[in-house]
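Source file: input_31.cif (mmCIF, C-alpha atoms)
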data_my_file
#
loop_
_atom_site.label_atom_id
_atom_site.label_comp_id
_atom_site.auth_asym_id
_atom_site.auth_seq_id
_atom_site.Cartn_x
_atom_site.Cartn_y
_atom_site.Cartn_z
CA MET Q 228 17.56 -63.73 -28.42
CA GLN Q 229 19.39 -67.03 -28.57
CA LYS Q 230 17.53 -69.70 -30.55
CA ILE Q 231 18.60 -72.71 -28.43
CA VAL Q 232 18.96 -72.39 -24.66
CA THR Q 233 20.51 -75.01 -22.38
CA ASN Q 234 17.97 -75.91 -19.71
CA LEU Q 235 19.23 -77.45 -16.44
CA TRP Q 236 16.87 -79.41 -14.18
CA PHE Q 237 17.54 -78.89 -10.47
CA ASP Q 238 16.06 -80.17 -7.24
CA GLY Q 239 16.53 -77.14 -4.99
CA ARG Q 240 19.71 -75.08 -4.41
CA VAL Q 241 18.92 -72.96 -7.47
CA GLU Q 242 19.99 -69.66 -5.90
CA GLU Q 243 23.29 -71.21 -4.79
CA ALA Q 244 23.91 -72.51 -8.33
CA LEU Q 245 23.09 -69.13 -9.86
CA ASP Q 246 25.54 -67.43 -7.49
CA LEU Q 247 28.33 -69.87 -8.33
CA TYR Q 248 27.82 -69.92 -12.08
CA THR Q 249 27.47 -66.16 -12.56
CA SER Q 250 30.55 -65.56 -10.36
CA CYS Q 251 32.73 -67.75 -12.60
CA PHE Q 252 32.36 -65.96 -15.92
CA ALA Q 253 32.58 -62.36 -17.05
CA ASP Q 254 29.48 -61.00 -18.81
CA SER Q 255 27.20 -63.16 -16.64
CA ARG Q 256 23.96 -62.27 -14.88
CA VAL Q 257 20.57 -63.52 -13.78
CA THR Q 258 18.01 -62.12 -16.22
CA ASN Q 259 14.69 -63.41 -14.88
CA ILE Q 260 13.33 -65.29 -11.88
CA MET Q 261 9.86 -66.84 -11.66
CA ARG Q 262 8.74 -68.12 -8.28
CA TYR Q 263 6.26 -70.77 -7.24
CA SER Q 264 2.88 -69.44 -6.15
CA GLU Q 265 0.39 -71.17 -3.89
CA ALA Q 266 -1.01 -72.87 -6.99
CA GLY Q 267 2.40 -74.28 -7.98
CA MET Q 268 3.99 -77.65 -7.42
CA GLY Q 269 6.82 -76.24 -5.27
CA GLU Q 270 7.08 -74.28 -2.05
CA THR Q 271 5.49 -70.85 -2.36
CA GLY Q 272 8.23 -68.26 -2.95
CA ASP Q 273 10.91 -70.74 -4.06
CA ILE Q 274 12.43 -70.24 -7.48
CA MET Q 275 10.49 -72.20 -10.10
CA VAL Q 276 12.49 -71.07 -13.15
CA ALA Q 277 15.53 -68.84 -13.45
CA GLU Q 278 16.98 -67.50 -16.67
CA PHE Q 279 20.60 -66.41 -16.69
CA GLU Q 280 23.57 -65.69 -18.92
CA LEU Q 281 27.09 -67.07 -18.67
CA ALA Q 282 29.66 -65.26 -20.80
CA GLY Q 283 26.72 -63.80 -22.72
CA GLN Q 284 25.14 -67.22 -23.47
CA GLU Q 285 21.59 -67.89 -22.26
CA PHE Q 286 20.73 -70.71 -19.84
CA CYS Q 287 17.71 -71.70 -17.81
CA ILE Q 288 17.29 -73.59 -14.53
CA ILE Q 289 14.05 -75.32 -13.66
CA ASN Q 290 13.60 -76.16 -9.99
CA GLY Q 291 11.59 -79.24 -10.86
CA GLY Q 292 12.23 -81.74 -8.11
CA PRO Q 293 13.99 -85.09 -7.76
CA GLN Q 294 12.57 -86.84 -10.84
CA TYR Q 295 15.67 -86.16 -12.96
CA THR Q 296 19.34 -85.86 -12.10
CA HIS Q 297 22.36 -84.54 -13.95
CA SER Q 298 24.56 -86.91 -15.93
CA PRO Q 299 27.97 -86.66 -17.60
CA ALA Q 300 26.12 -87.52 -20.82
CA MET Q 301 25.49 -83.75 -21.00
CA SER Q 302 28.30 -81.40 -20.07
CA LEU Q 303 29.07 -77.73 -20.43
CA ALA Q 304 32.31 -77.29 -22.38
CA VAL Q 305 34.24 -74.10 -21.67
CA THR Q 306 36.95 -72.94 -24.05
CA CYS Q 307 39.74 -71.55 -21.86
CA ALA Q 308 42.24 -69.01 -23.15
CA ASP Q 309 45.13 -70.06 -20.90
CA GLN Q 310 46.23 -72.02 -17.84
CA ASP Q 311 45.15 -69.25 -15.47
CA GLU Q 312 41.56 -69.55 -16.71
CA VAL Q 313 41.66 -73.36 -16.48
CA ASP Q 314 43.02 -73.15 -12.91
CA ARG Q 315 40.55 -70.48 -11.76
CA LEU Q 316 37.48 -72.26 -13.13
CA TRP Q 317 38.67 -75.68 -11.94
CA GLU Q 318 39.07 -74.34 -8.41
CA ARG Q 319 35.70 -72.54 -8.38
CA LEU Q 320 33.69 -75.37 -9.93
CA THR Q 321 35.20 -78.18 -7.84
CA SER Q 322 34.94 -76.21 -4.58
CA ALA Q 323 32.54 -77.16 -1.78
CA GLY Q 324 31.84 -80.69 -2.96
CA GLY Q 325 32.64 -80.77 -6.67
CA GLU Q 326 34.64 -83.68 -8.04
CA GLU Q 327 37.59 -83.86 -10.40
CA GLY Q 328 37.29 -86.06 -13.44
CA GLN Q 329 39.69 -87.11 -16.17
CA CYS Q 330 40.74 -85.26 -19.29
CA GLY Q 331 39.62 -81.82 -18.12
CA TRP Q 332 36.17 -82.95 -16.96
CA LEU Q 333 34.74 -82.13 -13.55
CA THR Q 334 31.41 -82.31 -11.78
CA ASP Q 335 30.35 -79.31 -9.70
CA ARG Q 336 28.67 -79.61 -6.30
CA PHE Q 337 25.25 -79.71 -7.97
CA GLY Q 338 26.14 -82.66 -10.20
CA VAL Q 339 26.52 -80.65 -13.42
CA SER Q 340 29.41 -81.87 -15.62
CA TRP Q 341 31.87 -79.40 -17.14
CA GLN Q 342 34.77 -79.69 -19.56
CA LEU Q 343 37.53 -77.09 -19.31
CA VAL Q 344 39.29 -77.16 -22.67
CA PRO Q 345 42.29 -74.94 -23.40
CA VAL Q 346 42.31 -73.39 -26.87
CA ARG Q 347 45.87 -74.67 -27.28
CA LEU Q 348 44.76 -78.30 -26.85
CA GLY Q 349 42.48 -78.01 -29.87
CA GLU Q 350 45.30 -76.50 -31.89
CA MET Q 351 47.66 -79.36 -30.97
CA LEU Q 352 45.05 -82.03 -31.72
CA ALA Q 353 44.43 -80.46 -35.14
CA SER Q 354 48.11 -80.77 -36.08
CA ASP Q 355 49.16 -82.67 -39.21
CA ASP Q 356 51.88 -84.34 -37.11
CA ALA Q 357 50.15 -87.62 -36.22
CA GLU Q 358 52.86 -88.66 -33.76
CA ALA Q 359 52.60 -85.36 -31.89
CA VAL Q 360 48.81 -85.76 -31.73
CA GLU Q 361 49.26 -89.29 -30.33
CA ARG Q 362 51.66 -87.99 -27.63
CA VAL Q 363 49.30 -85.17 -26.63
CA THR Q 364 46.36 -87.56 -26.52
CA ALA Q 365 48.28 -90.00 -24.33
CA ALA Q 366 49.28 -87.13 -22.03
CA PHE Q 367 45.81 -85.64 -21.55
CA LEU Q 368 44.27 -89.06 -20.96
CA GLN Q 369 46.46 -89.28 -17.83
CA MET Q 370 45.41 -85.86 -16.49
CA ASN Q 371 42.52 -84.63 -14.43
CA LYS Q 372 42.86 -80.84 -14.74
CA LEU Q 373 44.61 -80.17 -18.04
CA ASP Q 374 48.15 -78.81 -17.81
CA ILE Q 375 48.95 -76.82 -20.95
CA ALA Q 376 52.73 -76.77 -20.31
CA ALA Q 377 52.82 -80.58 -19.94
CA LEU Q 378 50.71 -80.95 -23.10
CA GLU Q 379 53.13 -78.67 -24.97
CA GLN Q 380 56.05 -80.83 -23.79
CA ALA Q 381 54.31 -83.96 -25.03
CA PHE Q 382 53.56 -82.26 -28.33
CA ARG Q 383 57.23 -81.31 -28.79
CA ASN Q 384 58.34 -84.77 -27.54
CA GLU Q 385 60.39 -83.30 -24.68
#
Please, can you express the file's structure as structure tokens?
Amino acid sequence: MQKIVTNLWFDGRVEEALDLYTSCFADSRVTNIMRYSEAGMGETGDIMVAEFELAGQEFCIINGGPQYTHSPAMSLAVTCADQDEVDRLWERLTSAGGEEGQCGWLTDRFGVSWQLVPVRLGEMLASDDAEAVERVTAAFLQMNKLDIAALEQAFRNE
């Protein structure tokens, strides 16, 4: 059991979100669904709370209503092994109404913010070569979806 679980507040569309999120990552599944009863605050039969795993990490969605909305102040950061993973997740998460952001950030169609961060970017930013780090930083600040090959070129000053 995971000690800290990210809890996402939704206003409807919970089943759609669960379908999208669990389809994006291997080792993902819905683990529990609790539905509103006649005594609940929502429509009888609608999902009240859903627990799920993404890449083996536990999450929870509460179908709580319009009182709270998502904000980029909280995002889900995904460490991506390579450009193929960045591209695949970017396409899936921005589809059907999601929006591209800068520096590898995006907002999915439900308003949840994500960061798709290639492992290689972290390696370049941790370099002892301050000039290379500056070039990589300048390059990624100009990007929406991160392009690892272009970041590598900036790092090597090509």
Nearest residue to Met370 (chain Q) out of Q:Phe279, Q:Trp332, Q:Phe252, Q:Tyr263, using only C-alpha atoms?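 Nearest candidate to Met370 (chain Q) out of Q:Phe279, Q:Trp332, Q:Phe252, Q:Tyr263: Q:Trp332.
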Which residues, written as a PDB file with C-alpha atoms, keeping the file's coordinate frame, have at least one atom at most 6 Å from region 378-382 of chain Q, with only C-alpha atoms counted and residues fewer than 6 positions away on the same chain left out?
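Contents of result29.pdb, as written:
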ATOM      1  CA  ALA Q 359      52.600 -85.360 -31.890  1.00  0.00           C
ATOM      2  CA  ARG Q 362      51.660 -87.990 -27.630  1.00  0.00           C
ATOM      3  CA  VAL Q 363      49.300 -85.170 -26.630  1.00  0.00           C
TER       4      VAL Q 363
END
Which residue, Q:Val305, Q:Val241, Q:Ala377, Q:Ile231, has the smallest gap to Ile274 (chain Q) when you use all atoms listed in the file? Q:Val241
List, as a PyMOL selection string, every residue that the PyMOL selection byres ((chain Q and resi 285-300) around 7) selects in the file provided. chain Q and resi 229+232-239+241+274-281+283-284+301-302+338-340
Selection file, C-alpha atoms, as a compact mmCIF listing (two decimals), in the coordinates of the input:
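Produced file result_29.txt, reproduced below:
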# COMPACT_ATOMS: atom_id res chain seq x y z
CA GLN Q 229 19.39 -67.03 -28.57
CA VAL Q 232 18.96 -72.39 -24.66
CA THR Q 233 20.51 -75.01 -22.38
CA ASN Q 234 17.97 -75.91 -19.71
CA LEU Q 235 19.23 -77.45 -16.44
CA TRP Q 236 16.87 -79.41 -14.18
CA PHE Q 237 17.54 -78.89 -10.47
CA ASP Q 238 16.06 -80.17 -7.24
CA GLY Q 239 16.53 -77.14 -4.99
CA VAL Q 241 18.92 -72.96 -7.47
CA ILE Q 274 12.43 -70.24 -7.48
CA MET Q 275 10.49 -72.20 -10.10
CA VAL Q 276 12.49 -71.07 -13.15
CA ALA Q 277 15.53 -68.84 -13.45
CA GLU Q 278 16.98 -67.50 -16.67
CA PHE Q 279 20.60 -66.41 -16.69
CA GLU Q 280 23.57 -65.69 -18.92
CA LEU Q 281 27.09 -67.07 -18.67
CA GLY Q 283 26.72 -63.80 -22.72
CA GLN Q 284 25.14 -67.22 -23.47
CA MET Q 301 25.49 -83.75 -21.00
CA SER Q 302 28.30 -81.40 -20.07
CA GLY Q 338 26.14 -82.66 -10.20
CA VAL Q 339 26.52 -80.65 -13.42
CA SER Q 340 29.41 -81.87 -15.62
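The space separating CA of Thr258 (chain Q) from CA of Ser322 (chain Q) comes to 24.9 Å.
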Here's the selection I'm unsure about, the PyMOL selection byres ((chain Q and resi 348) around 10); applied to the file above, which residues does it give, as a ChimeraX atom specification? /Q:306-307,344-347,349-353,360,363-364,367,373-375,378-379,382
